[in-house]
>>> print(open('model18.cif').read())   # mmCIF, C-alpha atoms
data_my_file
#
loop_
_atom_site.label_atom_id
_atom_site.label_comp_id
_atom_site.auth_asym_id
_atom_site.auth_seq_id
_atom_site.Cartn_x
_atom_site.Cartn_y
_atom_site.Cartn_z
CA MET A 15 115.73 36.81 27.92
CA HIS A 16 113.64 38.69 25.42
CA THR A 17 110.51 37.00 24.14
CA GLU A 18 107.94 37.90 21.54
CA VAL A 19 104.79 36.20 20.26
CA LYS A 20 104.53 36.78 16.52
CA HIS A 21 101.80 36.12 13.95
CA ASN A 22 98.79 36.11 16.27
CA PRO A 23 96.01 35.10 15.97
CA ASP A 24 96.29 32.76 13.00
CA PHE A 25 99.72 31.16 13.04
CA ALA A 26 101.40 32.25 16.24
CA ALA A 27 105.00 31.41 17.16
CA VAL A 28 107.17 32.41 20.10
CA GLN A 29 110.61 33.86 19.49
CA VAL A 30 112.89 33.58 22.50
CA GLN A 31 116.14 35.51 22.49
CA PHE A 32 118.41 34.53 25.34
CA GLN A 33 120.55 37.21 26.94
CA GLN A 34 122.60 35.24 29.44
CA PRO A 35 124.12 31.76 29.44
CA GLY A 36 122.12 29.42 31.66
CA GLU A 37 118.72 30.86 30.80
CA GLN A 38 116.22 28.11 30.10
CA ILE A 39 112.96 27.43 28.30
CA VAL A 40 110.92 24.27 28.71
CA ALA A 41 108.65 23.31 25.81
CA GLU A 42 106.26 20.52 24.89
CA ALA A 43 107.83 17.72 22.82
CA GLY A 44 107.61 18.64 19.15
CA ALA A 45 107.03 22.36 19.73
CA MET A 46 110.48 23.54 18.64
CA VAL A 47 110.56 25.26 15.26
CA ALA A 48 114.20 26.35 15.17
CA ARG A 49 117.18 26.96 17.44
CA ASP A 50 120.77 28.11 17.25
CA THR A 51 123.04 25.09 17.00
CA ALA A 52 124.87 25.92 20.23
CA VAL A 53 121.67 25.99 22.29
CA GLN A 54 121.70 22.91 24.45
CA MET A 55 118.63 20.70 24.14
CA GLU A 56 117.80 18.11 26.71
CA THR A 57 114.82 15.75 26.57
CA ASN A 58 113.48 14.61 29.87
CA MET A 59 110.47 13.67 31.87
CA ARG A 60 110.29 16.78 33.93
CA GLY A 61 109.75 16.07 37.59
CA GLY A 62 110.60 12.40 37.12
CA LEU A 63 108.59 9.51 35.75
CA GLY A 64 105.70 9.75 38.21
CA SER A 65 105.08 13.42 37.64
CA ALA A 66 105.50 13.11 33.85
CA LEU A 67 103.11 10.16 33.67
CA LYS A 68 100.55 12.07 35.67
CA ARG A 69 100.87 15.01 33.30
CA LYS A 70 100.59 12.74 30.29
CA LEU A 71 97.73 10.57 31.46
CA LEU A 72 95.79 13.12 33.42
CA GLY A 73 96.64 16.47 31.92
CA GLY A 74 96.78 15.44 28.28
CA GLU A 75 100.30 16.77 27.90
CA SER A 76 103.23 14.95 26.33
CA LEU A 77 105.25 12.54 28.39
CA PHE A 78 108.43 14.32 27.44
CA GLN A 79 109.47 17.90 27.52
CA ASN A 80 112.49 19.56 26.02
CA THR A 81 114.64 21.99 27.95
CA PHE A 82 116.58 24.55 25.94
CA THR A 83 119.56 26.09 27.69
CA CYS A 84 121.45 29.13 26.47
CA THR A 85 125.23 28.77 26.21
CA GLN A 86 126.07 32.17 24.71
CA PRO A 87 124.25 35.53 24.80
CA GLY A 88 122.04 36.29 21.79
CA GLN A 89 120.99 32.72 21.00
CA THR A 90 117.47 32.13 19.69
CA VAL A 91 114.80 29.45 19.99
CA TRP A 92 111.48 29.43 18.13
CA ILE A 93 108.48 27.56 19.55
CA ALA A 94 105.06 26.92 17.96
CA PRO A 95 101.98 24.80 18.69
CA ALA A 96 100.69 22.09 16.30
CA PRO A 97 97.27 23.49 15.30
CA GLU A 98 96.66 26.89 13.75
CA GLY A 99 95.70 29.57 16.24
CA ALA A 100 96.94 32.07 18.77
CA VAL A 101 99.55 31.92 21.53
CA THR A 102 99.09 33.83 24.78
CA GLN A 103 102.00 34.84 27.02
CA ILE A 104 101.44 35.17 30.77
CA ASP A 105 104.02 36.52 33.22
CA LEU A 106 103.46 34.83 36.56
CA GLN A 107 104.44 36.39 39.86
CA PRO A 108 104.93 34.29 43.01
CA GLY A 109 101.50 33.47 44.43
CA GLN A 110 99.78 33.65 41.04
CA GLU A 111 98.38 30.54 39.42
CA ILE A 112 96.70 29.78 36.15
CA TYR A 113 94.80 26.68 35.13
CA LEU A 114 95.14 25.37 31.60
CA GLN A 115 92.82 23.05 29.75
CA SER A 116 94.50 19.80 28.70
CA GLY A 117 96.58 20.34 25.60
CA ALA A 118 96.81 24.13 25.89
CA TYR A 119 100.25 24.23 27.51
CA LEU A 120 103.02 25.17 25.07
CA ALA A 121 106.13 26.30 26.96
CA SER A 122 107.40 28.02 30.08
CA SER A 123 110.53 29.57 31.54
CA ALA A 124 112.56 27.73 34.17
CA GLY A 125 110.88 29.25 37.24
CA VAL A 126 107.41 27.97 36.37
CA GLN A 127 106.13 24.79 38.03
CA LEU A 128 103.53 22.56 36.44
CA ASP A 129 101.11 20.32 38.23
CA THR A 130 97.92 18.48 37.38
CA LYS A 131 94.87 19.25 39.41
CA TRP A 132 91.98 16.91 40.04
CA GLN A 133 88.78 18.60 39.01
CA GLY A 134 86.47 16.16 40.72
CA ALA A 135 83.50 14.64 38.99
CA LYS A 136 82.68 17.88 37.20
CA GLY A 137 85.62 17.37 34.88
CA PHE A 138 84.21 14.02 33.89
CA PHE A 139 81.04 15.53 32.50
CA SER A 140 82.77 18.38 30.76
CA GLY A 141 84.17 16.03 28.14
CA GLU A 142 87.40 17.98 28.33
CA GLY A 143 89.35 15.51 30.43
CA LEU A 144 89.42 15.12 34.15
CA PHE A 145 92.37 17.28 34.89
CA LEU A 146 93.55 20.79 34.39
CA LEU A 147 97.19 21.72 34.30
CA ARG A 148 98.13 24.16 37.04
CA ALA A 149 101.02 26.57 36.35
CA TYR A 150 102.57 28.56 39.21
CA GLY A 151 105.88 30.00 40.37
CA GLN A 152 107.76 32.91 38.87
CA GLY A 153 108.32 33.23 35.16
CA THR A 154 106.59 33.14 31.84
CA VAL A 155 104.14 30.58 30.54
CA TRP A 156 102.83 30.29 26.98
CA PHE A 157 99.63 28.51 26.03
CA SER A 158 97.96 27.98 22.68
CA SER A 159 94.38 28.11 21.50
CA TYR A 160 92.66 26.66 18.47
CA GLY A 161 91.56 29.80 16.67
CA GLY A 162 91.83 33.25 18.19
CA ILE A 163 91.70 34.05 21.88
CA HIS A 164 88.92 36.00 23.61
CA VAL A 165 89.52 37.40 27.10
CA VAL A 166 86.77 37.92 29.68
CA ASP A 167 87.57 39.70 32.95
CA ILE A 168 85.13 38.34 35.49
CA GLY A 169 84.44 40.39 38.60
CA GLN A 170 84.87 43.69 36.76
CA GLN A 171 82.87 43.97 33.55
CA TYR A 172 81.05 40.69 34.15
CA HIS A 173 79.64 39.20 37.34
CA GLY A 174 80.22 35.73 35.99
CA TYR A 175 80.41 34.07 32.60
CA VAL A 176 79.07 31.03 30.82
CA CYS A 177 81.59 29.33 28.53
CA ASP A 178 81.07 26.35 26.23
CA THR A 179 83.32 23.56 27.59
CA SER A 180 85.04 23.07 24.23
CA HIS A 181 85.96 26.77 24.05
CA MET A 182 87.52 27.03 27.51
CA VAL A 183 91.31 27.43 27.40
CA ALA A 184 92.58 28.90 30.68
CA PHE A 185 91.65 30.88 33.77
CA THR A 186 93.33 32.50 36.78
CA GLN A 187 93.10 31.19 40.32
CA GLY A 188 90.44 33.66 41.54
CA LEU A 189 87.77 31.90 39.50
CA SER A 190 85.75 28.82 40.21
CA TYR A 191 83.36 27.01 37.89
CA HIS A 192 80.83 24.27 37.69
CA VAL A 193 79.79 22.28 34.64
CA ASP A 194 76.15 22.69 33.73
CA LYS A 195 73.73 22.42 30.85
CA VAL A 196 72.21 25.49 29.24
CA GLY A 197 68.44 25.80 28.99
CA GLY A 198 66.12 23.00 30.06
CA MET A 199 66.30 19.24 29.50
CA LYS A 200 65.03 19.72 25.95
CA SER A 201 67.96 22.02 25.24
CA LEU A 202 70.48 19.53 26.61
CA PHE A 203 69.74 17.12 23.77
CA LEU A 204 68.45 19.37 21.04
CA SER A 205 70.19 22.72 21.30
CA GLY A 206 73.52 21.49 19.96
CA GLU A 207 75.18 23.49 22.72
CA GLY A 208 76.36 20.62 24.88
CA LEU A 209 77.69 21.53 28.28
CA VAL A 210 78.99 24.80 29.62
CA CYS A 211 81.23 25.96 32.45
CA ARG A 212 79.61 28.58 34.66
CA PHE A 213 82.36 30.77 36.06
CA SER A 214 82.16 33.00 39.12
CA GLY A 215 84.63 34.86 41.29
CA GLN A 216 87.26 37.35 40.26
CA GLY A 217 89.82 36.72 37.58
CA ARG A 218 90.48 36.30 33.90
CA LEU A 219 89.07 33.69 31.55
CA TRP A 220 90.58 32.87 28.14
CA MET A 221 88.35 31.30 25.50
CA GLN A 222 89.22 30.03 22.02
CA THR A 223 87.17 31.25 19.06
CA ARG A 224 87.07 27.84 17.34
CA ASN A 225 87.11 24.31 18.64
CA PRO A 226 88.83 21.32 17.08
CA GLY A 227 85.86 19.03 17.84
CA ALA A 228 83.62 21.09 15.56
CA LEU A 229 86.16 20.76 12.73
CA ALA A 230 86.37 17.00 13.28
CA ALA A 231 82.57 16.76 13.26
CA PHE A 232 82.46 18.71 9.99
CA LEU A 233 84.99 16.37 8.36
CA GLN A 234 83.51 13.11 9.66
CA PRO A 235 80.84 12.72 6.89
CA PHE A 236 83.55 13.13 4.24
CA ARG A 237 85.46 10.04 5.36
CA PRO A 238 85.49 7.21 2.80
CA VAL A 239 83.35 4.18 3.64
CA GLN A 240 84.88 0.69 3.63
CA ARG A 241 82.36 -2.12 3.46
CA SER A 242 83.46 -5.35 5.09
CA SER A 243 83.35 -8.27 2.64
CA GLY A 244 80.92 -10.90 3.82
CA MET B 28 70.74 44.70 19.73
CA GLN B 29 74.28 45.55 18.75
CA VAL B 30 76.59 43.13 17.01
CA ASN B 31 80.37 43.64 17.11
CA VAL B 32 82.34 41.47 14.75
CA LEU B 33 85.65 40.59 16.45
CA TYR B 34 88.88 38.90 15.30
CA ARG B 35 88.24 39.27 11.61
CA PRO B 36 88.94 37.95 9.10
CA SER B 37 89.72 34.33 9.99
CA GLN B 38 89.02 33.78 13.71
CA THR B 39 85.82 35.79 13.66
CA VAL B 40 83.37 35.90 16.56
CA ALA B 41 80.08 37.85 16.72
CA GLN B 42 79.70 39.62 20.07
CA VAL B 43 75.98 40.35 20.45
CA TRP B 44 74.87 42.91 23.05
CA LEU B 45 71.24 42.56 24.03
CA GLN B 46 69.12 45.14 25.86
CA PRO B 47 67.07 43.86 28.82
CA ASN B 48 64.39 41.44 27.53
CA GLU B 49 65.76 41.63 24.01
CA SER B 50 66.51 38.34 22.27
CA ILE B 51 68.33 36.91 19.28
CA MET B 52 67.79 33.62 17.46
CA ALA B 53 70.93 31.66 16.64
CA GLU B 54 71.84 28.54 14.74
CA SER B 55 72.13 25.47 16.95
CA GLY B 56 75.63 24.99 18.34
CA ALA B 57 76.84 28.52 17.54
CA MET B 58 77.08 29.75 21.14
CA MET B 59 80.66 29.96 22.43
CA GLY B 60 79.94 31.94 25.60
CA MET B 61 77.51 34.35 27.22
CA SER B 62 76.93 36.49 30.27
CA THR B 63 75.18 34.78 33.17
CA ASN B 64 71.92 36.74 32.83
CA VAL B 65 71.18 35.36 29.36
CA ASP B 66 68.55 32.68 29.17
CA MET B 67 68.57 30.13 26.34
CA GLN B 68 65.46 28.43 24.98
CA THR B 69 65.47 25.72 22.32
CA GLN B 70 62.68 25.87 19.78
CA SER B 71 61.80 23.90 16.74
CA GLY B 72 59.04 26.34 15.85
CA GLY B 73 56.59 23.47 15.54
CA LEU B 74 57.27 20.09 13.99
CA MET B 75 56.48 20.99 10.40
CA LYS B 76 58.54 24.15 10.51
CA GLY B 77 61.39 22.19 12.07
CA LEU B 78 61.17 19.42 9.48
CA LYS B 79 61.14 21.92 6.68
CA ARG B 80 64.25 23.49 8.11
CA LEU B 81 65.89 20.08 8.37
CA PHE B 82 65.25 19.61 4.65
CA GLY B 83 66.76 23.03 4.18
CA GLY B 84 69.99 21.60 5.54
CA GLU B 85 69.66 23.66 8.70
CA SER B 86 69.60 22.13 12.13
CA PHE B 87 66.17 21.12 13.23
CA PHE B 88 66.37 23.36 16.25
CA ARG B 89 67.33 26.91 16.86
CA ASN B 90 68.13 28.61 20.11
CA THR B 91 66.74 31.89 21.34
CA PHE B 92 68.90 33.88 23.74
CA MET B 93 67.22 36.52 25.92
CA ALA B 94 68.87 39.03 28.27
CA GLN B 95 67.14 39.25 31.62
CA GLY B 96 67.35 41.94 34.26
CA GLY B 97 69.99 43.94 32.44
CA GLN B 98 72.17 44.06 29.36
CA GLY B 99 73.36 40.69 28.17
CA GLU B 100 76.07 39.37 25.90
CA VAL B 101 76.23 36.32 23.65
CA LEU B 102 79.29 35.21 21.66
CA LEU B 103 78.55 33.32 18.45
CA THR B 104 81.01 31.40 16.32
CA THR B 105 81.25 28.99 13.37
CA PRO B 106 82.83 25.53 13.06
CA LEU B 107 85.22 26.55 10.27
CA CYS B 108 87.60 29.49 10.05
CA GLY B 109 86.26 32.54 8.29
CA ASP B 110 84.65 35.94 8.38
CA MET B 111 81.21 37.31 9.25
CA ALA B 112 78.95 40.14 8.13
CA VAL B 113 76.02 41.86 9.82
CA LEU B 114 73.31 42.83 7.34
CA ASP B 115 70.22 45.02 7.69
CA VAL B 116 66.90 43.44 6.81
CA GLY B 117 63.89 45.58 5.92
CA GLN B 118 64.45 47.81 2.91
CA ARG B 119 66.31 44.90 1.50
CA GLN B 120 65.45 41.23 2.02
CA TRP B 121 68.06 38.49 1.70
CA GLN B 122 68.37 34.94 0.54
CA ILE B 123 70.98 32.99 2.50
CA SER B 124 72.88 29.83 1.69
CA ASN B 125 71.95 27.46 4.54
CA SER B 126 75.44 26.92 5.93
CA ALA B 127 76.08 30.68 6.15
CA PHE B 128 73.26 31.47 8.56
CA ILE B 129 74.42 32.30 12.11
CA ALA B 130 71.78 34.46 13.79
CA SER B 131 68.88 36.85 13.27
CA SER B 132 66.87 39.40 15.26
CA THR B 133 63.66 37.83 16.51
CA THR B 134 61.79 40.40 14.38
CA VAL B 135 63.20 38.75 11.26
CA ASP B 136 61.50 35.61 10.04
CA VAL B 137 63.97 33.19 8.43
CA GLN B 138 62.32 30.44 6.41
CA THR B 139 63.49 27.65 4.13
CA GLN B 140 62.63 28.58 0.58
CA GLY B 141 59.94 26.37 -0.89
CA SER B 142 61.16 26.51 -4.46
CA GLY B 143 62.58 23.26 -5.78
CA LYS B 144 65.54 24.73 -7.57
CA GLY B 145 67.66 25.06 -4.47
CA PHE B 146 66.56 21.77 -3.05
CA PHE B 147 67.35 19.74 -6.14
CA SER B 148 70.55 21.53 -7.01
CA GLY B 149 72.57 18.63 -5.63
CA ALA B 150 75.33 20.99 -4.60
CA GLY B 151 74.18 21.22 -1.03
CA LEU B 152 72.60 24.55 -1.83
CA PHE B 153 69.61 25.04 0.39
CA ILE B 154 68.28 28.50 0.62
CA LEU B 155 66.80 30.49 3.47
CA GLY B 156 64.82 33.68 2.90
CA THR B 157 64.26 36.63 5.25
CA GLN B 158 61.11 38.59 5.98
CA GLY B 159 60.50 41.42 8.41
CA GLN B 160 62.84 44.01 9.84
CA GLY B 161 66.02 43.78 11.86
CA GLN B 162 69.45 42.28 11.33
CA ILE B 163 71.01 38.99 10.34
CA VAL B 164 74.51 37.66 10.94
CA VAL B 165 76.04 35.51 8.21
CA GLY B 166 79.36 33.69 8.20
CA SER B 167 81.75 32.61 5.47
CA PHE B 168 84.31 29.85 5.09
CA GLY B 169 87.38 31.86 4.12
CA ALA B 170 87.14 35.56 3.41
CA ILE B 171 83.87 37.30 2.59
CA GLU B 172 83.51 39.60 -0.41
CA PRO B 173 80.49 41.67 -1.48
CA VAL B 174 80.07 41.61 -5.25
CA ASN B 175 77.69 43.85 -7.19
CA VAL B 176 75.61 42.22 -9.87
CA ASN B 177 74.76 44.62 -12.63
CA GLY B 178 73.16 42.60 -15.37
CA GLU B 179 74.38 39.04 -15.06
CA LEU B 180 76.91 37.05 -13.04
CA ILE B 181 77.70 33.36 -12.57
CA ILE B 182 78.75 32.17 -9.10
CA ASP B 183 79.65 28.66 -7.97
CA THR B 184 76.96 27.46 -5.52
CA GLY B 185 79.62 26.42 -2.99
CA HIS B 186 80.91 30.00 -2.78
CA LEU B 187 77.58 31.68 -2.08
CA VAL B 188 76.93 33.30 1.30
CA CYS B 189 73.80 35.40 0.66
CA TRP B 190 72.25 37.72 -1.90
CA ASP B 191 69.69 40.44 -2.40
CA ALA B 192 66.27 38.82 -2.75
CA ASN B 193 65.53 41.13 -5.70
CA LEU B 194 67.99 39.21 -7.84
CA GLN B 195 66.66 36.53 -10.17
CA TYR B 196 68.65 33.34 -10.35
CA THR B 197 68.69 29.92 -11.92
CA VAL B 198 70.78 26.97 -10.76
CA GLY B 199 72.48 25.04 -13.52
CA LYS B 200 75.61 23.52 -14.92
CA SER B 201 78.69 25.63 -15.29
CA SER B 202 79.57 24.97 -18.91
CA ASN B 203 77.39 25.54 -21.97
CA ALA B 204 79.11 22.63 -23.70
CA GLY B 205 76.95 20.03 -21.98
CA TRP B 206 76.83 18.05 -18.77
CA ILE B 207 80.01 16.03 -19.37
CA ALA B 208 82.12 19.11 -20.03
CA SER B 209 80.54 20.76 -17.02
CA TYR B 210 81.40 17.78 -14.84
CA LEU B 211 84.97 17.63 -16.12
CA SER B 212 85.49 21.33 -15.49
CA GLY B 213 85.22 20.58 -11.79
CA GLU B 214 82.97 23.57 -11.42
CA GLY B 215 79.84 21.61 -10.62
CA LEU B 216 76.75 23.70 -10.25
CA VAL B 217 76.52 27.43 -10.49
CA CYS B 218 73.98 30.11 -9.78
CA HIS B 219 73.23 32.33 -12.73
CA PHE B 220 72.16 35.71 -11.31
CA GLN B 221 70.27 38.37 -13.18
CA GLY B 222 69.29 41.88 -12.17
CA GLN B 223 70.72 44.55 -9.92
CA GLY B 224 71.88 43.82 -6.40
CA GLN B 225 74.55 42.58 -4.06
CA VAL B 226 75.87 39.06 -3.57
CA TYR B 227 78.22 38.09 -0.73
CA ILE B 228 80.62 35.37 -1.77
CA GLN B 229 83.11 33.31 0.25
CA THR B 230 86.63 32.62 -0.99
CA ARG B 231 86.60 28.93 0.05
CA ASN B 232 84.12 26.14 -0.60
CA ALA B 233 83.33 23.92 2.40
CA GLN B 234 82.30 20.92 0.29
CA GLU B 235 85.56 21.03 -1.67
CA TYR B 236 87.52 21.36 1.56
CA GLY B 237 85.66 18.46 3.16
CA SER B 238 86.20 16.12 0.24
CA THR B 239 89.87 17.10 -0.16
CA VAL B 240 90.70 16.40 3.47
CA GLY B 241 88.06 13.72 4.06
CA ARG B 242 89.47 11.26 1.54
CA MET B 243 92.77 11.23 3.43
CA LEU B 244 91.09 10.13 6.65
CA PRO B 245 90.85 6.48 7.65
CA PRO B 246 87.70 4.88 6.18
CA VAL B 247 84.60 4.30 8.22
CA GLN B 248 84.01 0.53 8.59
CA LYS B 249 80.51 -0.45 7.65
#
>>> encode(input="model18.cif", output="structure tokens")
Amino acid sequence: MHTEVKHNPDFAAVQVQFQQPGEQIVAEAGAMVARDTAVQMETNMRGGLGSALKRKLLGGESLFQNTFTCTQPGQTVWIAPAPEGAVTQIDLQPGQEIYLQSGAYLASSAGVQLDTKWQGAKGFFSGEGLFLLRAYGQGTVWFSSYGGIHVVDIGQQYHGYVCDTSHMVAFTQGLSYHVDKVGGMKSLFLSGEGLVCRFSGQGRLWMQTRNPGALAAFLQPFRPVQRSSG
Amino acid sequence: MQVNVLYRPSQTVAQVWLQPNESIMAESGAMMGMSTNVDMQTQSGGLMKGLKRLFGGESFFRNTFMAQGGQGEVLLTTPLCGDMAVLDVGQRQWQISNSAFIASSTTVDVQTQGSGKGFFSGAGLFILGTQGQGQIVVGSFGAIEPVNVNGELIIDTGHLVCWDANLQYTVGKSSNAGWIASYLSGEGLVCHFQGQGQVYIQTRNAQEYGSTVGRMLPPVQK
């Protein structure tokens, strides 16, 4: 199959052009933009109910995923995330793994396995959900970011990196992190910076240039006020 | 200090490179990431200074980031989508609309302007003024556009990013036909600039955006 991410970084979409019958793409429920009528679409809880529930409850992903199967060469499927922003395409080789922040997963080719990974108590304090989605196997995985994507290669240009928890999108398996505050105790409450992930090791970190929480916080004061009678 | 502006024009991030022991002061909450050798300190600059800044619509606290034991990097961002500009301070001093301020060299003093005209404008226009020498980073909601004032120009207060401190300005209603006509025009308050100098404007107005989207959100129960 031939794939291309178009319209980065503002309004990215993935165009998949199948070359052989039987080729498959799995995408988050609701991510399909368009498809050729003869492309077979199947909605299922991938990996069965238990695995799907775990992904939904723990990884923040949808309960259902759609599988698109090519029936004739040259068929097309378009996939896009819900919020505005960029899409990143990663080609995984056997033995490679990437970890995605809840909600970042968009789609993958048939050879990619998805799993949720317990992050221990550190996930609890990060405010980003307890679990990360782990993608491994052989194939292509697409993930989305809110805003543009900024790549940091740790272990080469940087010895480590500090990333605001709400800007963390994905990282490769050579990295480890712990959740921490920046500055002293005064900063924890007054800096407005919240918590950060301190990364070390060797690998790649993807960060998003905006965060949906900041947009929600901006809009909050504009909500109408309803006074309860009595 | 070197500032690279990345991912313009809508997903913009300021990548600040600091020399060893060099620091930059940034608006609270603007830090998206940084190298591990950067140390962050939170300062209010004294209670009165902090309070004055709070009245200026700025956050009470600002953070100072200092590189230690080598070059450091800080990434700064804004809550809304838009562009950024890096401006030299020294020969020219700037006045900045409060929501546009992102960061400044520590050799630049950024203070809330004491004059009442900004404060009482009612359009959320609070003004910061620069003194000293160095650089500032400002951000826009939407695209950013430098406009030259040669004589006079009227600009909606919600579209102001920053302007040359040499320019004279008055804040007032948009229409000459009176307050009611001005209100009905939907243009609200404007800045009437006079003189020679540059004004950076933004192509979207955050207050308009907030009220357009905000009224569609479920009400807050009080």
>>> interface_residues(input="model18.cif", of="chain A", to="chain B", cutoff="7 Å", atoms="all atoms listed in the file", output="ChimeraX atom specification")
/A:161-162,174-178,181,196-197,201,204-207,223-224,228-229,233,236-242
>>> atom_distance(input="model18.cif", atom1="CA of Ile39 (chain A)", atom2="CA of Trp156 (chain A)")
10.6 Å
>>> atom_distance(input="model18.cif", atom1="CA of Phe78 (chain A)", atom2="CA of Gln33 (chain A)")
25.9 Å
>>> residues_around(input="model18.cif", residues="Val116 (chain B)", least_positions_apart="6", cutoff="6 Å", atoms="only C-alpha atoms", output="compact mmCIF listing (two decimals) with C-alpha atoms, in the coordinates of the input")
# COMPACT_ATOMS: atom_id res chain seq x y z
CA GLN B 160 62.84 44.01 9.84
CA GLY B 161 66.02 43.78 11.86
CA GLN B 162 69.45 42.28 11.33
>>> atom_distance(input="model18.cif", atom1="CA of Leu146 (chain A)", atom2="CA of Gly44 (chain A)")
20.8 Å
>>> residues_near_point(input="model18.cif", point="(82.3, 17.7, 20.5)", cutoff="8 Å", atoms="all atoms listed in the file", output="PyMOL selection string")
chain A and resi 180+208+227-228+231
>>> residues_around(input="model18.cif", residues="Ala127 (chain B)", least_positions_apart="2", cutoff="8 Å", atoms="all atoms listed in the file", output="mmCIF file with C-alpha atoms, keeping the file's coordinate frame")
data_model
loop_
_atom_site.group_PDB
_atom_site.id
_atom_site.type_symbol
_atom_site.label_atom_id
_atom_site.label_comp_id
_atom_site.auth_asym_id
_atom_site.auth_seq_id
_atom_site.Cartn_x
_atom_site.Cartn_y
_atom_site.Cartn_z
ATOM 1 C CA ILE B 123 70.980 32.990 2.500
ATOM 2 C CA SER B 124 72.880 29.830 1.690
ATOM 3 C CA ASN B 125 71.950 27.460 4.540
ATOM 4 C CA ILE B 129 74.420 32.300 12.110
ATOM 5 C CA VAL B 165 76.040 35.510 8.210
ATOM 6 C CA GLY B 166 79.360 33.690 8.200
ATOM 7 C CA SER B 167 81.750 32.610 5.470
ATOM 8 C CA VAL B 188 76.930 33.300 1.300
ATOM 9 C CA CYS B 189 73.800 35.400 0.660
#
>>> resolve_selection(input="model18.cif", expression="the PyMOL selection byres ((chain B and resi 31) around 6)", output="PDB file with C-alpha atoms, in the coordinates of the input")
ATOM      1  CA  VAL B  30      76.590  43.130  17.010  1.00  0.00           C
ATOM      2  CA  VAL B  32      82.340  41.470  14.750  1.00  0.00           C
ATOM      3  CA  ALA B  41      80.080  37.850  16.720  1.00  0.00           C
ATOM      4  CA  GLN B  42      79.700  39.620  20.070  1.00  0.00           C
TER       5      GLN B  42
END
>>> resolve_selection(input="model18.cif", expression="the PyMOL selection byres ((chain B and resi 171) around 9)", output="list in words")
Pro36, Gly109, Asp110, Met111, Ala112, Gly166, Ser167, Phe168, Gly169, Ala170, Glu172, Pro173, Val188, Tyr227, Ile228, Gln229 and Thr230 of chain B
>>> resolve_selection(input="model18.cif", expression="the PyMOL selection byres ((chain B and resi 193) around 9)", output="number ranges by chain")
B: 119-121, 190-192, 194-195, 222-224
>>> residues_around(input="model18.cif", residues="region 119-126 of chain A", least_positions_apart="6", cutoff="7 Å", atoms="all atoms listed in the file", output="count of residues only")
16
>>> residues_around(input="model18.cif", residues="Gln46 (chain B)", least_positions_apart="6", cutoff="7 Å", atoms="all atoms listed in the file", output="list in words")
Met28, Ala94, Gly97, Gln98 and Gly99 of chain B
>>> residues_around(input="model18.cif", residues="region 191-194 of chain A", least_positions_apart="3", cutoff="6 Å", atoms="only C-alpha atoms", output="list in words")
Lys136, Leu209, Val210, Cys211, Arg212 and Phe213 of chain A
>>> closest_residue(input="model18.cif", among="A:Thr90, A:Gln222, A:Gln127, A:Ser190", to="Gln107 (chain A)", atoms="all atoms listed in the file")
A:Gln127
